[in-house]
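protein-v9.pdb follows; it contains PDB, C-alpha atoms and all ligand atoms.
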ATOM      1  CA  MET A   1     107.107 109.593 117.081
ATOM      2  CA  THR A   2     109.144 111.331 114.404
ATOM      3  CA  ALA A   3     107.798 113.579 111.651
ATOM      4  CA  GLY A   4     105.997 111.777 108.845
ATOM      5  CA  PRO A   5     107.308 111.183 105.336
ATOM      6  CA  PRO A   6     106.636 113.413 102.361
ATOM      7  CA  ALA A   7     102.932 113.569 101.560
ATOM      8  CA  VAL A   8     101.655 110.512  99.727
ATOM      9  CA  PRO A   9     100.777 111.552  96.160
ATOM     10  CA  THR A  10      97.046 111.634  95.669
ATOM     11  CA  ALA A  11      95.150 109.015  93.700
ATOM     12  CA  GLY A  12      95.252 109.508  89.980
ATOM     13  CA  ALA A  13      97.775 112.390  90.079
ATOM     14  CA  GLY A  14      99.233 112.967  86.603
ATOM     15  CA  PRO A  15      99.663 109.992  84.311
ATOM     16  CA  ASP A  16     100.568 107.835  87.293
ATOM     17  CA  VAL A  17      98.280 105.437  89.104
ATOM     18  CA  HIS A  18      98.011 105.376  92.869
ATOM     19  CA  GLU A  19      96.029 102.458  94.227
ATOM     20  CA  ALA A  20      93.041 103.691  96.218
ATOM     21  CA  PRO A  21      92.991 102.895  99.946
ATOM     22  CA  ALA A  22      91.082  99.726 100.733
ATOM     23  CA  ALA A  23      90.175  97.454 103.605
ATOM     24  CA  LEU A  24      91.843  94.047 103.565
ATOM     25  CA  SER A  25      90.232  91.052 105.197
ATOM     26  CA  GLY A  26      90.453  87.294 105.343
ATOM     27  CA  HIS A  27      87.294  85.278 105.976
ATOM     28  CA  GLY A  28      87.249  81.685 107.161
ATOM     29  CA  LEU A  29      90.819  81.138 105.977
ATOM     30  CA  ALA A  30      92.268  77.651 106.189
ATOM     31  CA  PHE A  31      95.741  76.637 105.106
ATOM     32  CA  GLY A  32      98.143  73.723 105.534
ATOM     33  CA  TYR A  33     101.520  73.251 103.855
ATOM     34  CA  SER A  34     101.504  70.106 101.759
ATOM     35  CA  GLY A  35     101.772  66.950 103.781
ATOM     36  CA  THR A  36     101.407  68.697 107.157
ATOM     37  CA  ALA A  37      98.536  69.468 109.536
ATOM     38  CA  PRO A  38      96.665  72.731 108.829
ATOM     39  CA  VAL A  39      98.381  75.800 110.288
ATOM     40  CA  PHE A  40      94.885  77.159 110.924
ATOM     41  CA  THR A  41      91.288  76.817 109.820
ATOM     42  CA  GLY A  42      88.310  79.191 109.926
ATOM     43  CA  LEU A  43      90.418  82.287 110.560
ATOM     44  CA  THR A  44      88.839  85.737 110.062
ATOM     45  CA  VAL A  45      90.709  89.058 110.422
ATOM     46  CA  GLU A  46      90.288  92.553 109.038
ATOM     47  CA  ALA A  47      92.181  95.844 108.644
ATOM     48  CA  ALA A  48      90.077  98.812 107.538
ATOM     49  CA  ALA A  49      91.572 101.530 105.321
ATOM     50  CA  GLY A  50      93.771 103.757 107.485
ATOM     51  CA  GLU A  51      93.996 101.158 110.256
ATOM     52  CA  VAL A  52      96.853  99.157 111.724
ATOM     53  CA  LEU A  53      96.171  95.482 112.400
ATOM     54  CA  ALA A  54      98.900  93.872 114.532
ATOM     55  CA  VAL A  55      99.300  90.103 114.196
ATOM     56  CA  LEU A  56     100.958  88.511 117.216
ATOM     57  CA  GLY A  57     101.780  85.012 118.365
ATOM     58  CA  PRO A  58     104.608  82.652 119.247
ATOM     59  CA  ASN A  59     107.190  81.324 116.799
ATOM     60  CA  GLY A  60     105.462  78.968 114.395
ATOM     61  CA  GLY A  61     102.044  80.369 115.341
ATOM     62  CA  GLY A  62     101.143  81.121 111.712
ATOM     63  CA  LYS A  63     101.762  84.879 111.380
ATOM     64  CA  THR A  64     103.832  84.740 108.193
ATOM     65  CA  THR A  65     101.455  82.188 106.702
ATOM     66  CA  LEU A  66      98.521  84.541 107.325
ATOM     67  CA  LEU A  67     100.398  87.495 105.809
ATOM     68  CA  ARG A  68     101.220  85.465 102.712
ATOM     69  CA  LEU A  69      97.577  84.419 102.313
ATOM     70  CA  LEU A  70      96.418  88.027 102.670
ATOM     71  CA  THR A  71      98.774  89.152  99.904
ATOM     72  CA  GLY A  72      98.197  86.362  97.403
ATOM     73  CA  SER A  73     101.556  84.633  97.681
ATOM     74  CA  LEU A  74      99.735  81.600  99.112
ATOM     75  CA  THR A  75      96.252  80.445  98.137
ATOM     76  CA  PRO A  76      93.939  79.423 100.991
ATOM     77  CA  ASP A  77      92.609  75.852 101.101
ATOM     78  CA  ALA A  78      89.299  77.405 102.154
ATOM     79  CA  GLY A  79      87.951  80.886 102.748
ATOM     80  CA  THR A  80      88.390  84.153 100.880
ATOM     81  CA  VAL A  81      90.550  87.248 100.933
ATOM     82  CA  ARG A  82      88.607  90.446 100.290
ATOM     83  CA  LEU A  83      89.657  93.933  99.238
ATOM     84  CA  ASP A  84      87.043  96.439 100.302
ATOM     85  CA  GLY A  85      84.685  93.535 100.861
ATOM     86  CA  VAL A  86      85.077  92.200  97.316
ATOM     87  CA  PRO A  87      86.347  88.594  97.215
ATOM     88  CA  VAL A  88      89.620  88.184  95.332
ATOM     89  CA  PRO A  89      89.077  85.620  92.557
ATOM     90  CA  ARG A  90      91.219  82.490  92.885
ATOM     91  CA  SER A  91      92.396  82.966  89.286
ATOM     92  CA  ARG A  92      95.943  84.023  88.467
ATOM     93  CA  SER A  93      94.755  87.491  87.431
ATOM     94  CA  GLY A  94      92.872  87.830  90.728
ATOM     95  CA  ARG A  95      95.996  86.943  92.701
ATOM     96  CA  ASP A  96      98.160  89.276  90.594
ATOM     97  CA  ALA A  97      95.789  92.187  91.230
ATOM     98  CA  LEU A  98      95.830  91.399  94.967
ATOM     99  CA  ARG A  99      99.638  91.263  94.998
ATOM    100  CA  ARG A 100      99.846  94.635  93.299
ATOM    101  CA  ARG A 101      97.461  96.352  95.707
ATOM    102  CA  ALA A 102      98.562  94.581  98.882
ATOM    103  CA  GLN A 103     102.344  94.682  99.068
ATOM    104  CA  LEU A 104     104.121  92.206 101.335
ATOM    105  CA  VAL A 105     107.443  93.187 102.918
ATOM    106  CA  PHE A 106     109.317  90.118 104.138
ATOM    107  CA  GLN A 107     110.905  89.814 107.551
ATOM    108  CA  ASP A 108     114.371  89.212 106.106
ATOM    109  CA  PRO A 109     115.325  91.841 103.500
ATOM    110  CA  ASP A 110     117.763  89.405 101.911
ATOM    111  CA  ASP A 111     114.795  87.287 100.782
ATOM    112  CA  GLN A 112     113.525  90.241  98.755
ATOM    113  CA  LEU A 113     116.553  92.231  97.550
ATOM    114  CA  PHE A 114     117.870  91.056  94.234
ATOM    115  CA  SER A 115     119.124  94.044  92.230
ATOM    116  CA  ALA A 116     122.680  95.347  92.245
ATOM    117  CA  SER A 117     121.888  98.889  93.372
ATOM    118  CA  VAL A 118     119.296 100.501  95.630
ATOM    119  CA  ARG A 119     117.796 102.523  92.784
ATOM    120  CA  GLN A 120     117.485  99.449  90.551
ATOM    121  CA  ASP A 121     115.830  97.485  93.307
ATOM    122  CA  VAL A 122     113.248 100.143  94.137
ATOM    123  CA  SER A 123     112.555 100.708  90.405
ATOM    124  CA  PHE A 124     111.828  97.085  89.679
ATOM    125  CA  GLY A 125     108.152  96.993  90.691
ATOM    126  CA  PRO A 126     107.077 100.280  89.029
ATOM    127  CA  MET A 127     108.927  99.262  85.846
ATOM    128  CA  ASN A 128     106.994  96.009  85.801
ATOM    129  CA  LEU A 129     103.769  98.006  85.978
ATOM    130  CA  GLY A 130     104.759  99.399  82.571
ATOM    131  CA  LEU A 131     104.929 103.006  83.776
ATOM    132  CA  PRO A 132     106.786 105.537  81.611
ATOM    133  CA  ALA A 133     110.396 106.199  82.646
ATOM    134  CA  GLU A 134     109.502 109.558  84.195
ATOM    135  CA  GLY A 135     106.739 107.992  86.285
ATOM    136  CA  VAL A 136     109.157 105.330  87.535
ATOM    137  CA  ARG A 137     111.726 108.009  88.406
ATOM    138  CA  ASP A 138     109.127 110.037  90.345
ATOM    139  CA  ARG A 139     107.946 107.070  92.326
ATOM    140  CA  VAL A 140     111.456 105.914  93.158
ATOM    141  CA  ALA A 141     112.519 109.412  94.240
ATOM    142  CA  TRP A 142     109.424 109.712  96.431
ATOM    143  CA  ALA A 143     109.882 106.259  98.026
ATOM    144  CA  LEU A 144     113.597 106.851  98.719
ATOM    145  CA  ASP A 145     112.740 110.195 100.327
ATOM    146  CA  ALA A 146     109.952 108.658 102.394
ATOM    147  CA  LEU A 147     112.421 106.142 103.827
ATOM    148  CA  ASP A 148     115.173 108.743 104.189
ATOM    149  CA  ILE A 149     117.565 106.769 101.978
ATOM    150  CA  ALA A 150     117.891 109.070  98.950
ATOM    151  CA  GLY A 151     121.605 109.269  99.741
ATOM    152  CA  LEU A 152     121.937 105.515  99.254
ATOM    153  CA  ALA A 153     120.342 105.408  95.785
ATOM    154  CA  ASP A 154     123.502 104.419  93.937
ATOM    155  CA  ARG A 155     124.965 102.143  96.591
ATOM    156  CA  PRO A 156     125.300  98.405  95.937
ATOM    157  CA  THR A 157     122.644  96.651  98.018
ATOM    158  CA  HIS A 158     125.120  94.059  99.336
ATOM    159  CA  LEU A 159     127.149  96.799 101.058
ATOM    160  CA  LEU A 160     124.227  98.116 103.130
ATOM    161  CA  SER A 161     123.605  97.471 106.805
ATOM    162  CA  TYR A 162     120.678  95.284 107.854
ATOM    163  CA  GLY A 163     118.538  98.293 108.827
ATOM    164  CA  GLN A 164     119.337 100.026 105.527
ATOM    165  CA  ARG A 165     118.411  96.863 103.598
ATOM    166  CA  LYS A 166     115.085  96.749 105.456
ATOM    167  CA  ARG A 167     114.426 100.337 104.368
ATOM    168  CA  VAL A 168     115.235  99.523 100.749
ATOM    169  CA  VAL A 169     112.723  96.673 100.532
ATOM    170  CA  LEU A 170     110.108  98.858 102.193
ATOM    171  CA  ALA A 171     110.866 101.615  99.670
ATOM    172  CA  GLY A 172     110.351  99.036  96.905
ATOM    173  CA  ALA A 173     106.909  98.218  98.320
ATOM    174  CA  LEU A 174     106.010 101.922  98.727
ATOM    175  CA  ALA A 175     107.023 102.628  95.143
ATOM    176  CA  MET A 176     104.102 100.394  94.144
ATOM    177  CA  ARG A 177     101.834 102.867  96.011
ATOM    178  CA  PRO A 178      99.779 100.032  97.425
ATOM    179  CA  SER A 179      96.318 100.163  98.969
ATOM    180  CA  VAL A 180      97.535  97.951 101.787
ATOM    181  CA  LEU A 181     100.999  97.383 103.198
ATOM    182  CA  VAL A 182     101.662  94.066 104.889
ATOM    183  CA  LEU A 183     104.859  93.937 106.938
ATOM    184  CA  ASP A 184     106.407  90.850 108.494
ATOM    185  CA  GLU A 185     108.199  91.929 111.687
ATOM    186  CA  PRO A 186     109.250  95.333 110.315
ATOM    187  CA  THR A 187     110.928  96.482 113.533
ATOM    188  CA  ALA A 188     112.925  93.286 114.203
ATOM    189  CA  GLY A 189     116.642  94.054 114.160
ATOM    190  CA  LEU A 190     116.226  97.852 114.065
ATOM    191  CA  ASP A 191     117.717 100.101 116.734
ATOM    192  CA  PRO A 192     115.300 102.298 118.777
ATOM    193  CA  ALA A 193     115.880 105.345 116.554
ATOM    194  CA  GLY A 194     115.305 103.165 113.482
ATOM    195  CA  VAL A 195     112.032 101.886 114.964
ATOM    196  CA  GLU A 196     110.753 105.408 115.699
ATOM    197  CA  SER A 197     111.737 106.667 112.272
ATOM    198  CA  LEU A 198     110.049 103.693 110.582
ATOM    199  CA  LEU A 199     106.901 104.274 112.643
ATOM    200  CA  GLY A 200     106.907 107.911 111.523
ATOM    201  CA  THR A 201     106.952 106.775 107.900
ATOM    202  CA  LEU A 202     104.216 104.202 108.442
ATOM    203  CA  GLU A 203     102.077 106.739 110.310
ATOM    204  CA  GLY A 204     102.223 109.030 107.253
ATOM    205  CA  LEU A 205     100.921 106.197 105.093
ATOM    206  CA  ARG A 206      98.216 105.263 107.559
ATOM    207  CA  ALA A 207      97.105 108.909 107.698
ATOM    208  CA  ALA A 208      96.798 108.850 103.899
ATOM    209  CA  GLY A 209      94.427 105.879 104.207
ATOM    210  CA  THR A 210      96.747 102.919 103.639
ATOM    211  CA  ALA A 211      95.747  99.871 105.681
ATOM    212  CA  LEU A 212      98.709  98.316 107.491
ATOM    213  CA  VAL A 213      98.957  94.700 108.599
ATOM    214  CA  VAL A 214     102.017  94.166 110.765
ATOM    215  CA  SER A 215     103.251  90.965 112.369
ATOM    216  CA  THR A 216     105.302  91.481 115.507
ATOM    217  CA  HIS A 217     106.437  89.910 118.758
ATOM    218  CA  ASP A 218     106.523  93.382 120.307
ATOM    219  CA  VAL A 219     103.397  93.594 122.442
ATOM    220  CA  ASP A 220     104.260  97.097 123.673
ATOM    221  CA  LEU A 221     104.467  98.365 120.114
ATOM    222  CA  ALA A 222     101.161  96.745 119.169
ATOM    223  CA  PHE A 223      99.505  98.086 122.310
ATOM    224  CA  ARG A 224     100.530 101.680 121.717
ATOM    225  CA  TRP A 225     100.244 101.768 117.927
ATOM    226  CA  ALA A 226      97.753  99.264 116.498
ATOM    227  CA  ASP A 227      94.015  99.786 116.147
ATOM    228  CA  ARG A 228      93.278  96.073 116.068
ATOM    229  CA  ALA A 229      95.159  92.991 117.106
ATOM    230  CA  ALA A 230      94.917  89.345 116.168
ATOM    231  CA  VAL A 231      96.655  86.751 118.342
ATOM    232  CA  LEU A 232      97.442  83.450 116.627
ATOM    233  CA  ASP A 233      98.789  80.156 117.808
ATOM    234  CA  ARG A 234      98.051  77.762 114.952
ATOM    235  CA  GLY A 235      94.536  79.193 114.997
ATOM    236  CA  LEU A 236      93.029  82.513 115.986
ATOM    237  CA  LEU A 237      93.026  82.938 119.776
ATOM    238  CA  ALA A 238      91.455  86.417 119.695
ATOM    239  CA  THR A 239      90.962  89.477 117.543
ATOM    240  CA  GLY A 240      89.448  92.888 118.225
ATOM    241  CA  PRO A 241      90.488  96.369 119.372
ATOM    242  CA  ALA A 242      94.208  96.151 120.193
ATOM    243  CA  ARG A 243      93.958  97.616 123.694
ATOM    244  CA  ALA A 244      91.210  95.197 124.718
ATOM    245  CA  VAL A 245      92.851  92.110 123.201
ATOM    246  CA  LEU A 246      96.316  92.908 124.557
ATOM    247  CA  ALA A 247      95.080  93.684 128.069
ATOM    248  CA  ASP A 248      94.051  90.030 128.487
ATOM    249  CA  SER A 249      97.028  88.611 130.351
ATOM    250  CA  GLY A 250      95.603  85.049 130.292
ATOM    251  CA  LEU A 251      95.380  85.176 126.509
ATOM    252  CA  LEU A 252      98.891  86.572 126.224
ATOM    253  CA  SER A 253     100.383  83.919 128.425
ATOM    254  CA  ALA A 254      98.567  81.220 126.392
ATOM    255  CA  ALA A 255     100.242  82.694 123.311
ATOM    256  CA  ARG A 256     103.627  82.919 125.105
ATOM    257  CA  LEU A 257     103.632  86.716 124.869
ATOM    258  CA  ARG A 258     104.628  89.217 127.569
ATOM    259  CA  PRO A 259     101.999  91.680 128.785
ATOM    260  CA  PRO A 260     102.436  95.146 127.321
ATOM    261  CA  TRP A 261     104.268  97.173 129.795
ATOM    262  CA  ALA A 262     107.576  98.947 130.030
ATOM    263  CA  PRO A 263     110.254  96.710 131.539
ATOM    264  CA  GLY A 264     110.779  97.553 135.159
ATOM    265  CA  THR A 265     107.278  98.804 135.909
ATOM    266  CA  ALA A 266     106.306  95.790 138.012
ATOM    267  CA  SER A 267     109.560  95.797 139.981
ATOM    268  CA  ALA A 268     109.274  99.556 140.603
ATOM    269  CA  LEU A 269     105.744  99.026 141.946
ATOM    270  CA  ARG A 270     106.955  96.149 144.142
ATOM    271  CA  ARG A 271     109.810  98.264 145.529
ATOM    272  CA  ALA A 272     107.287 100.977 146.357
ATOM    273  CA  GLY A 273     105.165  98.396 148.212
ATOM    274  CA  LEU A 274     102.272  98.854 145.782
ATOM    275  CA  LEU A 275     102.367  95.352 144.302
ATOM    276  CA  PRO A 276     102.692  92.179 146.429
ATOM    277  CA  ALA A 277     105.713  90.047 145.480
ATOM    278  CA  THR A 278     103.528  87.163 144.339
ATOM    279  CA  ALA A 279     100.962  89.242 142.367
ATOM    280  CA  PRO A 280     101.165  89.223 138.570
ATOM    281  CA  ALA A 281     102.535  92.285 136.800
ATOM    282  CA  PRO A 282      99.925  94.847 135.699
ATOM    283  CA  ALA A 283      98.969  94.426 132.056
ATOM    284  CA  THR A 284      97.764  97.936 131.277
ATOM    285  CA  PRO A 285      98.454 101.530 132.293
ATOM    286  CA  GLU A 286      94.949 101.561 133.832
ATOM    287  CA  GLU A 287      95.859  98.669 136.154
ATOM    288  CA  VAL A 288      98.973 100.554 137.254
ATOM    289  CA  GLU A 289      96.890 103.650 137.912
ATOM    290  CA  LEU A 290      94.502 101.588 140.029
ATOM    291  CA  LEU A 291      97.364 100.146 142.114
ATOM    292  CA  VAL A 292      98.759 103.630 142.707
ATOM    293  CA  GLU A 293      95.332 105.080 143.581
ATOM    294  CA  ASN A 294      94.599 102.255 146.034
ATOM    295  CA  GLY A 295      98.019 102.821 147.623
TER     296      GLY A 295
HETATM  297  N1  LIG A 301     107.219  76.348 103.430
HETATM  298  C1  LIG A 301     106.774  75.644 104.454
HETATM  299  N2  LIG A 301     106.593  74.302 104.355
HETATM  300  C2  LIG A 301     106.138  73.573 105.405
HETATM  301  N3  LIG A 301     105.821  74.095 106.609
HETATM  302  C3  LIG A 301     105.987  75.417 106.761
HETATM  303  C4  LIG A 301     106.474  76.262 105.706
HETATM  304  N4  LIG A 301     106.514  77.542 106.168
HETATM  305  C5  LIG A 301     106.079  77.510 107.442
HETATM  306  N5  LIG A 301     105.767  76.237 107.807
HETATM  307  C6  LIG A 301     105.237  75.809 109.094
HETATM  308  O1  LIG A 301     103.991  76.485 109.309
HETATM  309  C7  LIG A 301     103.855  76.850 110.684
HETATM  310  C8  LIG A 301     103.600  78.344 110.783
HETATM  311  O2  LIG A 301     104.774  79.019 110.345
HETATM  312  P1  LIG A 301     104.831  80.596 110.195
HETATM  313  O3  LIG A 301     106.134  80.920 109.535
HETATM  314  O4  LIG A 301     103.580  81.055 109.560
HETATM  315  O5  LIG A 301     104.855  81.060 111.722
HETATM  316  P2  LIG A 301     105.229  82.468 112.366
HETATM  317  O6  LIG A 301     104.157  82.747 113.379
HETATM  318  O7  LIG A 301     105.419  83.487 111.305
HETATM  319  O8  LIG A 301     106.592  82.150 113.095
HETATM  320  P3  LIG A 301     107.840  83.109 113.508
HETATM  321  O9  LIG A 301     107.390  83.942 114.675
HETATM  322  O10 LIG A 301     108.874  82.100 113.921
HETATM  323  O11 LIG A 301     108.249  83.908 112.299
HETATM  324  C9  LIG A 301     105.141  76.395 111.385
HETATM  325  O12 LIG A 301     104.875  75.146 112.001
HETATM  326  C10 LIG A 301     106.122  76.229 110.249
HETATM  327  O13 LIG A 301     107.072  75.231 110.531
END
Would you mind writing the structure in this file as structure tokens?
Ligand SMILES: Nc1ncnc2c1ncn2[C@@H]1O[C@H](COP(=O)(O)OP(=O)(O)OP(=O)(O)O)[C@@H](O)[C@H]1O
Amino acid sequence: MTAGPPAVPTAGAGPDVHEAPAALSGHGLAFGYSGTAPVFTGLTVEAAAGEVLAVLGPNGGGKTTLLRLLTGSLTPDAGTVRLDGVPVPRSRSGRDALRRRAQLVFQDPDDQLFSASVRQDVSFGPMNLGLPAEGVRDRVAWALDALDIAGLADRPTHLLSYGQRKRVVLAGALAMRPSVLVLDEPTAGLDPAGVESLLGTLEGLRAAGTALVVSTHDVDLAFRWADRAAVLDRGLLATGPARAVLADSGLLSAARLRPPWAPGTASALRRAGLLPATAPAPATPEEVELLVENG
């Protein structure tokens, strides 16, 4: 993991406002798009302040829908979203407050980028908060630094690479200094160095108390990084400590996910005569250890 980003400014520093860390949870959530069957009902998940909740599942399983409910861009048909245990009112002002404190970063940066230059795009949210110009400048400079894209500040957004565009939308969310950051497949399309660098940035935020909710198809990433996991397939299949949930190979195969293990581990064990050809691949480092110990 790479070094973290610049320190997150502390709450209430100067005239600026930094949203306090908070837990984000959904309780008994139900949602269906109009005219279609519910995507899920009775779904409960939680990310505590300073925790990473990974949301996994097959295509169409409901991950993005859950993320949009948790950040107020969709309203549940039933159930509540809570910030630090306090239910978010269903009113417009309740949803606006939720959206400000729980920032959603879309999977595709092109769904979220709309300004001509990087600096303009990252400034947009803080300007809408009505901050003074100096406060906006400080936040933008900090967010660009945190994402290591200060050098791109004056570049037109349409000339950036995909990975750079992903960083810009994340910088825009960070500039809001949210209590919770909700990221839809943040590592998709990034090269390995880009993934590690992004994780370094996110780790810095988590260490400062920001709750992170991250949807991903990458079981290895969730296994090594997340505190909790929720596996969805048009309903919640399981949630709990990430290592326990993601060690359940039956659950993972029901959700069409691969067990978390480095590619090649099972075949290396088979070549060494430690794993019978017909036996399933080990799902955890502990299972590998056991196979090696038992010779
Ligand atoms: N705007 C919409 N209108 C109608 N149905 C929708 C809409 N958005 C999503 N759906 C449907 O809701 C279900 C859940 O979709 P969702 O995007 O939440 O899944 P996902 O787990 O994020 O999938 P993926 O891994 O492919 O991104 C799918 O059946 C999808 O077709």
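Nearest to Met127 (chain A) of all the residues A:Ala230, A:Gly172, A:Leu291, A:Arg206 is A:Gly172, counting only C-alpha atoms.
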The PyMOL selection byres (((chain A and resi 39) around 7) and not hetatm) applied to the shown file, residues as a list in words: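 Matching residues under the PyMOL selection byres (((chain A and resi 39) around 7) and not hetatm) are Phe31, Gly32, Ala37, Pro38, Phe40, Gly62, Arg234 and Gly235 of chain A.
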Answer key for the PyMOL selection byres (((not hetatm)) within 8 of (chain A and resi 301)), residues as a PyMOL selection string: chain A and resi 32-34+36+39+56-66+184+215-217+232-234
Contacts of region 135-143 of chain A within 7 Å, all atoms listed in the file, excl. fewer than 5 positions in-chain, as a VMD selection string: chain A and resid 16 122 to 123 126 to 127 171 174 to 175
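In this comparison, which uses only C-alpha atoms, the residue of A:His158, A:Arg228, A:Arg256, A:Arg177 approaching Gln103 (chain A) most closely is A:Arg177.
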Protein, DNA and RNA residues within 12 Å of (94.7, 84.7, 126.3), only C-alpha atoms, as a VMD selection string: chain A and resid 56 to 57 230 to 233 236 to 239 244 to 259
Answer key for the PyMOL selection byres (((chain A and resi 151-154) around 7) and not hetatm), residues as a PyMOL selection string: chain A and resi 117-119+149-150+155-156
Ref. answer, residues at most 12 Å from (95.8, 99.4, 105.3) with only C-alpha atoms, as a ChimeraX atom specification: /A:19-25,46-54,70-71,83-84,101-104,177-183,202-214,226-228
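Of note, CA of Ser115 (chain A) and CA of Thr157 (chain A) are spaced 7.3 Å apart.
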Between CA of Phe106 (chain A) and CA of Ala229 (chain A) - distance in Å to one decimal: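 We find that CA of Ala229 (chain A) and CA of Phe106 (chain A) lie 19.4 Å from each other.
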Straight-line distance linking CA of Tyr162 (chain A) with CA of Ala222 (chain A), stated in Å to one decimal: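 That distance, rounded to one decimal, is 22.6 Å.
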Grab all the atoms of region 213-225 of chain A that the file lists, wrap them in a box along x, y and z, add 4 Å per side, and give me centre plus edge lengths in Å (one decimal) as JSON.
{"center_x": 102.7, "center_y": 95.8, "center_z": 116.1, "size_x": 15.6, "size_y": 19.9, "size_z": 23.1}
